[in-house]
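*Asks:* The file below is final.txt, compact mmCIF, C-alpha atoms (C1' of nucleotides):
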# COMPACT_ATOMS: atom_id res chain seq x y z
CA MET A 1 25.71 -96.87 61.14
CA GLU A 2 28.64 -99.06 62.00
CA SER A 3 32.39 -98.80 62.14
CA LYS A 4 33.37 -96.19 59.58
CA ASP A 5 34.90 -93.38 61.56
CA GLN A 6 37.79 -92.44 59.31
CA ARG A 7 39.18 -90.16 62.01
CA ARG A 8 39.99 -93.12 64.23
CA ARG A 9 41.65 -95.05 61.44
CA SER A 10 45.25 -96.04 62.09
CA ASP A 11 47.43 -94.70 59.34
CA ARG A 12 50.27 -96.94 60.43
CA ALA A 13 48.12 -100.03 59.84
CA ARG A 14 46.76 -98.72 56.54
CA THR A 15 50.21 -98.00 55.15
CA ALA A 16 51.61 -101.30 56.36
CA ILE A 17 48.76 -103.19 54.69
CA LEU A 18 49.14 -101.45 51.34
CA THR A 19 52.88 -101.95 51.37
CA ALA A 20 52.53 -105.60 52.33
CA ALA A 21 49.96 -106.12 49.57
CA THR A 22 52.26 -104.65 46.93
CA GLU A 23 55.18 -106.75 48.11
CA ALA A 24 53.14 -109.93 48.32
CA VAL A 25 51.77 -109.60 44.81
CA ALA A 26 55.20 -108.83 43.40
CA GLU A 27 56.73 -111.74 45.25
CA LEU A 28 54.12 -114.50 45.10
CA GLY A 29 51.84 -113.41 42.31
CA TYR A 30 48.26 -112.40 42.77
CA ALA A 31 46.70 -115.86 42.99
CA LYS A 32 48.95 -117.00 45.81
CA THR A 33 48.52 -113.80 47.74
CA SER A 34 45.98 -114.19 50.55
CA ILE A 35 44.37 -111.77 52.95
CA GLU A 36 45.85 -113.73 55.82
CA GLY A 37 49.25 -113.50 54.19
CA ILE A 38 48.99 -109.74 53.79
CA ALA A 39 47.87 -109.39 57.41
CA ALA A 40 50.75 -111.47 58.72
CA ARG A 41 53.26 -109.64 56.53
CA ALA A 42 51.93 -106.28 57.69
CA GLY A 43 51.87 -107.32 61.36
CA VAL A 44 48.17 -106.65 61.49
CA GLY A 45 45.05 -108.53 62.52
CA LYS A 46 43.12 -109.71 59.48
CA GLN A 47 39.99 -108.14 60.88
CA THR A 48 41.65 -104.78 60.38
CA ILE A 49 41.79 -105.51 56.67
CA TYR A 50 38.20 -106.70 56.52
CA ARG A 51 37.13 -103.61 58.43
CA TRP A 52 38.26 -101.25 55.69
CA TRP A 53 38.31 -103.25 52.46
CA PRO A 54 35.73 -105.64 51.01
CA SER A 55 38.12 -107.92 49.13
CA LYS A 56 41.67 -108.73 48.16
CA GLY A 57 41.13 -106.95 44.87
CA ALA A 58 40.11 -103.75 46.62
CA VAL A 59 43.27 -103.75 48.71
CA VAL A 60 45.48 -104.34 45.71
CA LEU A 61 43.69 -101.68 43.70
CA GLU A 62 44.27 -99.10 46.40
CA ALA A 63 47.89 -100.21 46.68
CA LEU A 64 48.26 -99.67 42.94
CA THR A 65 46.56 -96.28 42.72
CA ALA A 66 48.29 -94.98 45.84
CA ASP A 67 51.59 -94.37 44.11
CA GLN A 68 50.70 -93.67 40.52
CA GLN A 69 50.49 -90.50 38.55
CA ASP A 70 48.25 -90.25 35.51
CA VAL A 71 49.82 -90.66 32.13
CA GLU A 72 49.34 -87.30 30.51
CA TRP A 73 48.98 -86.87 26.78
CA PRO A 74 51.24 -84.34 25.11
CA ASP A 75 49.68 -82.22 22.40
CA THR A 76 52.36 -80.79 20.18
CA GLY A 77 50.01 -80.60 17.24
CA ASP A 78 51.67 -83.61 15.63
CA LEU A 79 49.51 -86.64 16.32
CA THR A 80 52.03 -89.16 15.02
CA ALA A 81 54.82 -87.85 17.20
CA ASP A 82 52.63 -87.67 20.31
CA LEU A 83 51.19 -91.11 19.73
CA HIS A 84 54.64 -92.51 19.22
CA LEU A 85 55.79 -91.02 22.51
CA VAL A 86 52.83 -92.32 24.48
CA LEU A 87 52.98 -95.81 23.02
CA ARG A 88 56.67 -96.11 23.81
CA ALA A 89 55.99 -94.96 27.38
CA THR A 90 53.07 -97.38 27.69
CA VAL A 91 55.16 -100.29 26.49
CA ASP A 92 57.80 -99.37 29.04
CA GLU A 93 55.28 -99.20 31.84
CA PHE A 94 53.59 -102.47 30.94
CA ALA A 95 56.89 -104.25 30.48
CA ASP A 96 57.87 -103.36 34.03
CA GLY A 97 57.33 -106.24 36.41
CA GLY A 98 55.79 -104.49 39.39
CA THR A 99 52.96 -102.38 38.03
CA SER A 100 52.41 -104.94 35.33
CA ALA A 101 51.82 -107.83 37.72
CA THR A 102 49.44 -105.79 39.80
CA LEU A 103 47.39 -104.50 36.91
CA ARG A 104 47.29 -107.93 35.34
CA ALA A 105 46.01 -109.26 38.66
CA LEU A 106 43.26 -106.69 38.85
CA MET A 107 42.11 -107.46 35.34
CA ILE A 108 41.76 -111.05 36.45
CA ASP A 109 39.57 -110.26 39.42
CA MET A 110 37.51 -107.81 37.37
CA GLN A 111 36.11 -110.80 35.54
CA GLN A 112 34.47 -112.14 38.66
CA ASP A 113 33.86 -109.08 40.80
CA GLU A 114 31.38 -106.55 39.48
CA ALA A 115 32.17 -103.84 42.02
CA LEU A 116 35.90 -104.16 41.55
CA SER A 117 35.46 -104.09 37.79
CA GLU A 118 33.75 -100.73 38.02
CA GLN A 119 36.43 -99.39 40.35
CA VAL A 120 39.32 -100.41 38.13
CA LEU A 121 37.58 -99.05 35.07
CA THR A 122 36.75 -95.66 36.57
CA ARG A 123 39.94 -95.17 38.56
CA VAL A 124 42.66 -96.68 36.38
CA LEU A 125 41.69 -97.54 32.82
CA GLY A 126 38.91 -95.01 32.27
CA PRO A 127 41.02 -91.88 32.74
CA GLN A 128 43.67 -93.21 30.39
CA LEU A 129 41.15 -93.97 27.68
CA ALA A 130 39.37 -90.66 28.18
CA ALA A 131 42.64 -88.75 27.89
CA THR A 132 43.39 -90.56 24.65
CA LYS A 133 39.97 -89.72 23.28
CA ARG A 134 40.50 -86.05 24.12
CA ARG A 135 43.80 -86.04 22.26
CA LEU A 136 42.09 -87.59 19.24
CA GLU A 137 39.39 -84.93 19.31
CA SER A 138 42.10 -82.31 19.21
CA ALA A 139 43.73 -84.11 16.31
CA ARG A 140 40.46 -84.24 14.43
CA ARG A 141 40.07 -80.49 14.81
CA ALA A 142 43.55 -80.19 13.32
CA GLY A 143 42.51 -82.32 10.37
CA GLN A 144 44.78 -85.22 11.36
CA VAL A 145 41.90 -87.59 11.99
CA ALA A 146 39.29 -88.19 9.34
CA ASP A 147 35.77 -87.02 10.05
CA GLY A 148 33.18 -89.66 10.78
CA ILE A 149 35.56 -91.92 12.66
CA ASP A 150 34.16 -93.31 15.91
CA LEU A 151 36.68 -92.10 18.45
CA ASP A 152 35.85 -94.79 20.99
CA VAL A 153 36.79 -97.39 18.42
CA ALA A 154 39.81 -95.31 17.46
CA VAL A 155 41.03 -95.50 21.06
CA GLU A 156 40.65 -99.26 20.93
CA ILE A 157 42.58 -99.46 17.68
CA ILE A 158 45.44 -97.92 19.60
CA PHE A 159 45.29 -99.73 22.95
CA GLY A 160 43.55 -102.93 21.91
CA PRO A 161 46.68 -104.33 20.24
CA ILE A 162 48.78 -103.30 23.25
CA TYR A 163 46.59 -105.17 25.71
CA HIS A 164 46.25 -108.09 23.31
CA ARG A 165 49.99 -108.65 23.12
CA TRP A 166 50.59 -107.81 26.77
CA ILE A 167 48.04 -110.32 28.04
CA LEU A 168 48.58 -113.12 25.54
CA ARG A 169 52.35 -112.71 25.15
CA THR A 170 52.16 -113.85 21.54
CA HIS A 171 55.09 -111.73 20.34
CA PRO A 172 57.85 -109.54 21.79
CA PHE A 173 56.59 -106.56 23.73
CA ASP A 174 59.18 -103.89 23.05
CA GLN A 175 59.91 -100.49 21.57
CA ALA A 176 59.95 -101.79 18.02
CA TYR A 177 56.38 -102.89 18.58
CA ALA A 178 55.41 -99.42 19.73
CA ASP A 179 56.92 -98.04 16.53
CA THR A 180 55.11 -100.41 14.20
CA LEU A 181 51.82 -99.97 15.99
CA THR A 182 52.10 -96.20 15.82
CA THR A 183 52.44 -96.32 12.06
CA LEU A 184 49.49 -98.61 11.56
CA ALA A 185 47.24 -96.70 13.95
CA VAL A 186 47.95 -93.42 12.23
CA ARG A 187 47.18 -95.03 8.87
CA ALA A 188 43.82 -96.12 10.25
CA LEU A 189 42.89 -92.73 11.60
CA GLY A 190 44.47 -90.31 9.21
CA ALA A 191 42.65 -88.26 6.61
CA PRO A 192 43.78 -89.38 3.15
CA MET B 1 55.75 -145.58 34.17
CA GLU B 2 52.56 -145.47 36.16
CA SER B 3 48.88 -145.09 35.52
CA LYS B 4 48.57 -143.88 31.94
CA ASP B 5 47.00 -146.79 30.12
CA GLN B 6 44.57 -144.98 27.87
CA ARG B 7 42.98 -148.28 26.90
CA ARG B 8 41.59 -148.77 30.37
CA ARG B 9 40.21 -145.24 30.55
CA SER B 10 36.48 -145.02 31.14
CA ASP B 11 34.88 -143.00 28.40
CA ARG B 12 31.72 -142.68 30.43
CA ALA B 13 33.62 -140.93 33.23
CA ARG B 14 35.55 -138.73 30.81
CA THR B 15 32.42 -137.53 29.03
CA ALA B 16 30.55 -136.99 32.30
CA ILE B 17 33.41 -134.88 33.66
CA LEU B 18 33.68 -132.66 30.58
CA THR B 19 29.91 -132.16 30.48
CA ALA B 20 29.79 -131.38 34.19
CA ALA B 21 32.65 -128.91 33.82
CA THR B 22 30.89 -127.03 31.02
CA GLU B 23 27.65 -126.89 32.99
CA ALA B 24 29.33 -125.82 36.19
CA VAL B 25 31.21 -122.95 34.57
CA ALA B 26 28.10 -121.77 32.75
CA GLU B 27 26.05 -121.96 35.94
CA LEU B 28 28.39 -120.79 38.69
CA GLY B 29 31.13 -118.99 36.83
CA TYR B 30 34.70 -120.16 36.68
CA ALA B 31 35.87 -118.91 40.07
CA LYS B 32 33.12 -120.70 41.98
CA THR B 33 33.59 -123.90 40.05
CA SER B 34 35.65 -126.44 42.02
CA ILE B 35 37.13 -129.79 41.16
CA GLU B 36 35.06 -131.30 43.93
CA GLY B 37 31.96 -129.70 42.50
CA ILE B 38 32.66 -131.07 39.03
CA ALA B 39 33.28 -134.54 40.46
CA ALA B 40 30.07 -134.53 42.47
CA ARG B 41 28.07 -133.21 39.51
CA ALA B 42 29.55 -135.88 37.25
CA GLY B 43 29.00 -138.65 39.78
CA VAL B 44 32.69 -139.40 39.80
CA GLY B 45 35.44 -139.72 42.37
CA LYS B 46 37.65 -136.65 42.38
CA GLN B 47 40.70 -138.86 42.06
CA THR B 48 39.45 -139.78 38.59
CA ILE B 49 39.77 -136.12 37.61
CA TYR B 50 43.22 -135.76 39.14
CA ARG B 51 44.31 -138.95 37.40
CA TRP B 52 43.79 -137.50 33.92
CA TRP B 53 44.02 -133.73 34.27
CA PRO B 54 46.53 -131.57 36.14
CA SER B 55 44.23 -128.66 36.97
CA LYS B 56 40.78 -127.15 36.76
CA GLY B 57 41.94 -125.08 33.81
CA ALA B 58 43.00 -128.17 31.89
CA VAL B 59 39.60 -129.76 32.35
CA VAL B 60 37.77 -126.65 31.25
CA LEU B 61 40.07 -126.23 28.27
CA GLU B 62 39.37 -129.74 27.06
CA ALA B 63 35.66 -129.20 27.65
CA LEU B 64 35.85 -126.10 25.48
CA THR B 65 37.86 -127.55 22.63
CA ALA B 66 35.88 -130.80 22.59
CA ASP B 67 32.89 -129.31 20.82
CA GLN B 68 34.33 -126.52 18.77
CA GLN B 69 35.11 -126.25 15.12
CA ASP B 70 37.75 -123.84 13.91
CA VAL B 71 36.61 -120.53 12.58
CA GLU B 72 37.53 -120.67 8.92
CA TRP B 73 38.40 -117.61 6.93
CA PRO B 74 36.58 -117.11 3.66
CA ASP B 75 38.65 -115.83 0.77
CA THR B 76 36.41 -114.30 -1.84
CA GLY B 77 39.16 -111.98 -2.99
CA ASP B 78 37.46 -109.05 -1.27
CA LEU B 79 39.27 -108.44 2.02
CA THR B 80 36.78 -105.92 3.32
CA ALA B 81 33.83 -108.23 2.77
CA ASP B 82 35.59 -111.24 4.28
CA LEU B 83 36.81 -109.26 7.27
CA HIS B 84 33.35 -107.88 7.83
CA LEU B 85 31.89 -111.38 7.82
CA VAL B 86 34.45 -112.77 10.24
CA LEU B 87 34.20 -109.86 12.67
CA ARG B 88 30.42 -110.13 12.77
CA ALA B 89 30.72 -113.85 13.44
CA THR B 90 33.36 -113.27 16.10
CA VAL B 91 31.22 -110.69 17.88
CA ASP B 92 28.34 -113.16 17.83
CA GLU B 93 30.47 -115.91 19.27
CA PHE B 94 31.99 -113.75 21.99
CA ALA B 95 28.65 -112.25 22.90
CA ASP B 96 27.26 -115.73 23.56
CA GLY B 97 27.23 -116.55 27.25
CA GLY B 98 28.49 -120.11 27.22
CA THR B 99 31.64 -120.11 25.13
CA SER B 100 32.34 -116.59 26.26
CA ALA B 101 32.33 -117.41 29.97
CA THR B 102 34.58 -120.39 29.43
CA LEU B 103 37.11 -118.60 27.27
CA ARG B 104 37.15 -115.64 29.62
CA ALA B 105 37.84 -118.05 32.46
CA LEU B 106 40.73 -119.66 30.64
CA MET B 107 42.29 -116.31 29.90
CA ILE B 108 42.17 -115.65 33.62
CA ASP B 109 43.97 -118.84 34.56
CA MET B 110 46.51 -118.33 31.76
CA GLN B 111 47.89 -115.46 33.81
CA GLN B 112 48.96 -117.75 36.63
CA ASP B 113 49.51 -121.10 34.94
CA GLU B 114 52.36 -121.31 32.47
CA ALA B 115 51.47 -124.73 31.08
CA LEU B 116 47.83 -123.84 30.63
CA SER B 117 48.80 -120.58 28.98
CA GLU B 118 50.74 -122.45 26.33
CA GLN B 119 47.90 -124.91 25.78
CA VAL B 120 45.26 -122.24 25.31
CA LEU B 121 47.53 -120.31 22.99
CA THR B 122 48.42 -123.23 20.76
CA ARG B 123 45.05 -124.96 20.77
CA VAL B 124 42.54 -122.12 20.77
CA LEU B 125 43.90 -118.66 20.09
CA GLY B 126 46.89 -119.56 17.96
CA PRO B 127 45.04 -121.25 15.12
CA GLN B 128 42.63 -118.34 14.89
CA LEU B 129 45.42 -115.81 14.70
CA ALA B 130 47.38 -117.91 12.22
CA ALA B 131 44.36 -118.26 9.95
CA THR B 132 43.91 -114.51 10.03
CA LYS B 133 47.52 -113.95 9.13
CA ARG B 134 47.19 -116.33 6.18
CA ARG B 135 44.19 -114.42 4.90
CA LEU B 136 46.14 -111.19 5.15
CA GLU B 137 49.02 -112.70 3.19
CA SER B 138 46.59 -113.60 0.46
CA ALA B 139 45.20 -110.08 0.53
CA ARG B 140 48.66 -108.62 0.26
CA ARG B 141 49.32 -110.70 -2.85
CA ALA B 142 46.09 -109.25 -4.25
CA GLY B 143 47.35 -105.75 -3.54
CA GLN B 144 44.74 -105.10 -0.84
CA VAL B 145 47.30 -104.82 1.93
CA ALA B 146 50.19 -102.41 1.64
CA ASP B 147 53.65 -103.89 1.39
CA GLY B 148 55.89 -103.53 4.41
CA ILE B 149 53.11 -103.92 6.93
CA ASP B 150 53.95 -106.27 9.80
CA LEU B 151 51.23 -108.87 9.54
CA ASP B 152 51.48 -109.94 13.17
CA VAL B 153 50.69 -106.41 14.20
CA ALA B 154 48.00 -106.26 11.52
CA VAL B 155 46.31 -109.25 13.11
CA GLU B 156 46.39 -107.45 16.45
CA ILE B 157 44.92 -104.33 14.91
CA ILE B 158 41.95 -106.51 14.03
CA PHE B 159 41.49 -108.64 17.13
CA GLY B 160 43.09 -106.38 19.75
CA PRO B 161 40.12 -104.01 19.82
CA ILE B 162 37.72 -106.98 19.96
CA TYR B 163 39.40 -108.47 23.00
CA HIS B 164 39.81 -105.05 24.58
CA ARG B 165 36.10 -104.31 24.47
CA TRP B 166 35.10 -107.87 25.29
CA ILE B 167 37.23 -108.05 28.42
CA LEU B 168 36.79 -104.52 29.71
CA ARG B 169 33.16 -104.04 28.65
CA THR B 170 33.73 -100.35 28.08
CA HIS B 171 31.20 -100.02 25.27
CA PRO B 172 28.43 -102.07 23.60
CA PHE B 173 29.67 -105.25 22.00
CA ASP B 174 27.41 -105.66 18.98
CA GLN B 175 27.18 -105.87 15.22
CA ALA B 176 27.52 -102.13 14.79
CA TYR B 177 30.87 -102.41 16.49
CA ALA B 178 31.95 -105.09 14.04
CA ASP B 179 31.01 -102.78 11.20
CA THR B 180 32.91 -99.78 12.52
CA LEU B 181 35.95 -101.83 13.36
CA THR B 182 36.02 -103.40 9.90
CA THR B 183 36.16 -99.98 8.30
CA LEU B 184 38.99 -98.76 10.49
CA ALA B 185 41.02 -101.92 10.16
CA VAL B 186 40.82 -101.83 6.38
CA ARG B 187 41.91 -98.20 6.41
CA ALA B 188 44.94 -99.19 8.46
CA LEU B 189 45.96 -102.02 6.17
CA GLY B 190 44.91 -100.91 2.71
CA ALA B 191 47.24 -99.70 0.02
CA PRO B 192 46.49 -96.07 -0.77
C1' DA C 1 35.73 -168.86 30.96
C1' DC C 2 38.96 -167.38 34.06
C1' DT C 3 42.48 -164.42 35.89
C1' DT C 4 44.37 -160.21 36.66
C1' DC C 5 45.16 -155.52 37.42
C1' DA C 6 44.45 -150.70 36.69
C1' DA C 7 40.66 -147.52 36.64
C1' DC C 8 36.67 -146.66 39.06
C1' DG C 9 33.27 -144.37 42.99
C1' DA C 10 33.61 -143.08 47.49
C1' DG C 11 35.35 -140.63 51.04
C1' DA C 12 38.89 -139.81 54.99
C1' DC C 13 42.73 -136.87 55.77
C1' DG C 14 45.80 -132.72 56.89
C1' DG C 15 46.35 -128.25 55.34
C1' DA C 16 45.41 -123.49 53.51
C1' DC C 17 42.22 -119.57 53.52
C1' DC C 18 37.95 -117.87 53.78
C1' DG C 19 34.95 -114.43 56.36
C1' DT C 20 32.97 -113.77 61.14
C1' DA C 21 33.12 -113.28 65.97
C1' DT C 22 35.34 -112.27 70.27
C1' DC C 23 38.87 -111.54 73.18
C1' DG C 24 41.79 -107.89 75.99
C1' DT C 25 44.54 -103.66 74.91
C1' DC C 26 45.57 -99.20 73.18
C1' DT C 27 44.60 -94.57 71.66
C1' DC C 28 42.24 -90.71 70.15
C1' DG C 29 38.51 -87.23 70.79
C1' DC C 30 35.78 -85.01 73.91
C1' DG D 1 40.14 -88.93 82.64
C1' DC D 2 36.38 -91.45 80.46
C1' DG D 3 34.41 -93.85 76.86
C1' DA D 4 34.08 -95.47 72.28
C1' DG D 5 36.02 -97.66 68.72
C1' DA D 6 40.03 -99.34 66.21
C1' DC D 7 43.67 -102.32 67.13
C1' DG D 8 46.50 -107.19 67.27
C1' DA D 9 45.51 -111.70 68.11
C1' DT D 10 43.21 -115.79 67.76
C1' DA D 11 39.35 -119.26 67.75
C1' DC D 12 35.69 -120.78 64.89
C1' DG D 13 32.95 -123.36 61.21
C1' DG D 14 33.28 -123.67 56.25
C1' DT D 15 34.99 -124.84 51.64
C1' DC D 16 38.19 -126.67 48.71
C1' DC D 17 42.69 -128.33 47.89
C1' DG D 18 45.58 -132.44 46.51
C1' DT D 19 46.92 -137.08 48.39
C1' DC D 20 45.85 -141.47 50.06
C1' DT D 21 43.50 -145.22 50.87
C1' DC D 22 39.43 -148.43 50.58
C1' DG D 23 36.49 -152.16 48.16
C1' DT D 24 34.44 -152.82 43.45
C1' DT D 25 34.17 -153.14 38.45
C1' DG D 26 35.21 -154.29 33.93
C1' DA D 27 38.08 -154.95 30.00
C1' DA D 28 42.45 -157.13 28.11
C1' DG D 29 45.20 -161.28 27.78
C1' DT D 30 45.48 -166.20 28.15
Transcribe the structure of this file into structure tokens.
*Replies:*
Amino acid sequence: MESKDQRRRSDRARTAILTAATEAVAELGYAKTSIEGIAARAGVGKQTIYRWWPSKGAVVLEALTADQQDVEWPDTGDLTADLHLVLRATVDEFADGGTSATLRALMIDMQQDEALSEQVLTRVLGPQLAATKRRLESARRAGQVADGIDLDVAVEIIFGPIYHRWILRTHPFDQAYADTLTTLAVRALGAP
Amino acid sequence: MESKDQRRRSDRARTAILTAATEAVAELGYAKTSIEGIAARAGVGKQTIYRWWPSKGAVVLEALTADQQDVEWPDTGDLTADLHLVLRATVDEFADGGTSATLRALMIDMQQDEALSEQVLTRVLGPQLAATKRRLESARRAGQVADGIDLDVAVEIIFGPIYHRWILRTHPFDQAYADTLTTLAVRALGAP
DNA sequence: ACTTCAACGAGACGGACCGTATCGTCTCGC
DNA sequence: GCGAGACGATACGGTCCGTCTCGTTGAAGT
């Protein structure tokens, strides 16, 4: 085996790198952020980055997940109200510049990096989608979601439009949108 | 003004460049495709590319739109049937490697190139979304879409899930998906 | 037919980053 | 303390960028 003794890892360097990565992406955008730039900004040799991360995307992903808490789904028994709450919170989060730029960046690199794609999916997007599916299962038990509906598609009916508008910027991305989308999604899912 | 005399433009070079760009993206993927690579493949000086296009994205965009016909919406009077048809066709088109890789690539570059973003939106995505909205207006007149529904959001309810699954690859992207999605979308839009 | 002039193919150029390979130096675990 | 391995720093060969020349070619204007 080679150099992977976590015990000897410098936490000062690790923290400096993650901080520098976050700052660089926020400041320059993902495309113009380079490994060399992160290293210089962090006051670190670039080899130290290559020693612990395989790619720029991996560094940025860890920087993103380092300081994030999972979005938890409420379950008050009222699907419409809970959905409304979550969509408004999601719009807020995505409208924010920092997290938004980073996540957008990762979704870019996912398209050309298989390993990173899997990481982002399992560590960031997957849990969110799974939590949503769980909430929908609960709603179905309560008779608020029609039987026979494919819940994976139901999740996409909810978040697909969000991502669509967030990525393409076709229309305003605001609270009013969260409201409208909530109504339509509930119409799609609800038992008649 | 300087060098913009379209009359003197070599059509041989232009065609060779667009063909080479399409091939290169299909073969290497967008990220590994370079302007130099396209020039070499086309048997062309790279200055000839820089003379007529501002960026790699612009070349690829023109290569994509060169040989594409707009997806037209049928209007048989039956929204469900028409929607079903279009979604199946869309899934087919997106599942295809060639067009898919190119469009995916453009959506990547849109995130970091303002001008390109506008071009892709107005020349590729926009017309598709507008056509969909028109079909929904027709359906609303026929009483198949409830009054008061925001048609821009309605369009996103339809295509948002498609893009979501296509980009993130969370679940199989096939005809069965088109079927399921059709059902849910119609539920969301339909008058009770 | 002849002139003319911009587009053409080719490729040199400086610069930015890539990812790898070594330098001494520092520091942690034994 | 001693040794191993991570550290900051930096040199290296590559690739590609975008700009800038070269002659050469070929179509428009006379």
*Asks:* Could you tell me which residues of chain A sit within 12 Å of chain C when counting all atoms listed in the file, and give me the result as a ChimeraX atom specification?
*Replies:* /A:5-10,32-38,46-47,49-51,54-56
*Asks:* Using only C-alpha atoms for the distances, tell me which of A:Gly148, A:Gly97, A:Pro161, A:Gly45 is nearest to chain B.
*Replies:*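 So, comparing all the options, the nearest one is A:Pro161.
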*Asks:* Neighbouring residues of Ala58 (chain B) were defined as those with any atom within 9 Å, considering all atoms listed in the file; residues of the same chain fewer than 4 positions away were excluded. Please report them as a PyMOL selection string.
*Replies:* chain B and resi 53-54+62-63+106+116+119
*Asks:* May I have a table of the residues of chain D lying at most 10 Å from chain B, giving each one's closest pair of atoms and their distance in Å to one decimal, counting only C-alpha atoms (C1' of nucleotides), ordered by chain and ascending residue number, as JSON lines?
*Replies:*
{"residue": "D:DT15", "atom": "C1'", "partner": "B:Ser34", "partner_atom": "CA", "distance": 9.8}
{"residue": "D:DC16", "atom": "C1'", "partner": "B:Ser34", "partner_atom": "CA", "distance": 7.2}
{"residue": "D:DC17", "atom": "C1'", "partner": "B:Ile35", "partner_atom": "CA", "distance": 8.9}
{"residue": "D:DG18", "atom": "C1'", "partner": "B:Tyr50", "partner_atom": "CA", "distance": 8.4}
{"residue": "D:DT19", "atom": "C1'", "partner": "B:Gln47", "partner_atom": "CA", "distance": 9.1}
{"residue": "D:DC20", "atom": "C1'", "partner": "B:Gln47", "partner_atom": "CA", "distance": 9.9}
{"residue": "D:DG26", "atom": "C1'", "partner": "B:Arg8", "partner_atom": "CA", "distance": 9.2}
{"residue": "D:DA27", "atom": "C1'", "partner": "B:Arg8", "partner_atom": "CA", "distance": 7.1}
{"residue": "D:DA28", "atom": "C1'", "partner": "B:Arg8", "partner_atom": "CA", "distance": 8.7}
*Asks:* Store the residues picked out above in a file with C-alpha atoms (C1' of nucleotides), as a PDB file, in the frame of the given file.
*Replies:*
ATOM      1  C1'  DT D  15      34.990-124.840  51.640  1.00  0.00           C
ATOM      2  C1'  DC D  16      38.190-126.670  48.710  1.00  0.00           C
ATOM      3  C1'  DC D  17      42.690-128.330  47.890  1.00  0.00           C
ATOM      4  C1'  DG D  18      45.580-132.440  46.510  1.00  0.00           C
ATOM      5  C1'  DT D  19      46.920-137.080  48.390  1.00  0.00           C
ATOM      6  C1'  DC D  20      45.850-141.470  50.060  1.00  0.00           C
ATOM      7  C1'  DG D  26      35.210-154.290  33.930  1.00  0.00           C
ATOM      8  C1'  DA D  27      38.080-154.950  30.000  1.00  0.00           C
ATOM      9  C1'  DA D  28      42.450-157.130  28.110  1.00  0.00           C
TER      10       DA D  28
END
*Asks:* Quick check: residues of chain A within 9 Å of chain B, only C-alpha atoms, returned as a short mmCIF file (atom, residue, chain, number, x, y, z; two decimals) with C-alpha atoms, in the coordinates of the input.
*Replies:*
data_model
loop_
_atom_site.label_atom_id
_atom_site.label_comp_id
_atom_site.auth_asym_id
_atom_site.auth_seq_id
_atom_site.Cartn_x
_atom_site.Cartn_y
_atom_site.Cartn_z
CA GLY A 29 51.84 -113.41 42.31
CA TYR A 30 48.26 -112.40 42.77
CA ALA A 31 46.70 -115.86 42.99
CA ARG A 104 47.29 -107.93 35.34
CA ALA A 105 46.01 -109.26 38.66
CA MET A 107 42.11 -107.46 35.34
CA ILE A 108 41.76 -111.05 36.45
CA ASP A 109 39.57 -110.26 39.42
CA MET A 110 37.51 -107.81 37.37
CA GLN A 111 36.11 -110.80 35.54
CA GLN A 112 34.47 -112.14 38.66
CA SER A 117 35.46 -104.09 37.79
CA LEU A 121 37.58 -99.05 35.07
CA GLY A 126 38.91 -95.01 32.27
CA ILE A 149 35.56 -91.92 12.66
CA ASP A 150 34.16 -93.31 15.91
CA ASP A 152 35.85 -94.79 20.99
CA VAL A 153 36.79 -97.39 18.42
CA ALA A 154 39.81 -95.31 17.46
CA VAL A 155 41.03 -95.50 21.06
CA GLU A 156 40.65 -99.26 20.93
CA ILE A 157 42.58 -99.46 17.68
CA ILE A 158 45.44 -97.92 19.60
CA PHE A 159 45.29 -99.73 22.95
CA GLY A 160 43.55 -102.93 21.91
CA PRO A 161 46.68 -104.33 20.24
CA ILE A 162 48.78 -103.30 23.25
CA TYR A 163 46.59 -105.17 25.71
CA HIS A 164 46.25 -108.09 23.31
CA ARG A 165 49.99 -108.65 23.12
CA ILE A 167 48.04 -110.32 28.04
CA LEU A 168 48.58 -113.12 25.54
CA THR A 170 52.16 -113.85 21.54
CA HIS A 171 55.09 -111.73 20.34
CA TYR A 177 56.38 -102.89 18.58
CA THR A 180 55.11 -100.41 14.20
CA LEU A 181 51.82 -99.97 15.99
CA THR A 183 52.44 -96.32 12.06
CA LEU A 184 49.49 -98.61 11.56
CA ALA A 185 47.24 -96.70 13.95
CA VAL A 186 47.95 -93.42 12.23
CA ARG A 187 47.18 -95.03 8.87
CA ALA A 188 43.82 -96.12 10.25
CA LEU A 189 42.89 -92.73 11.60
CA GLY A 190 44.47 -90.31 9.21
CA PRO A 192 43.78 -89.38 3.15
#
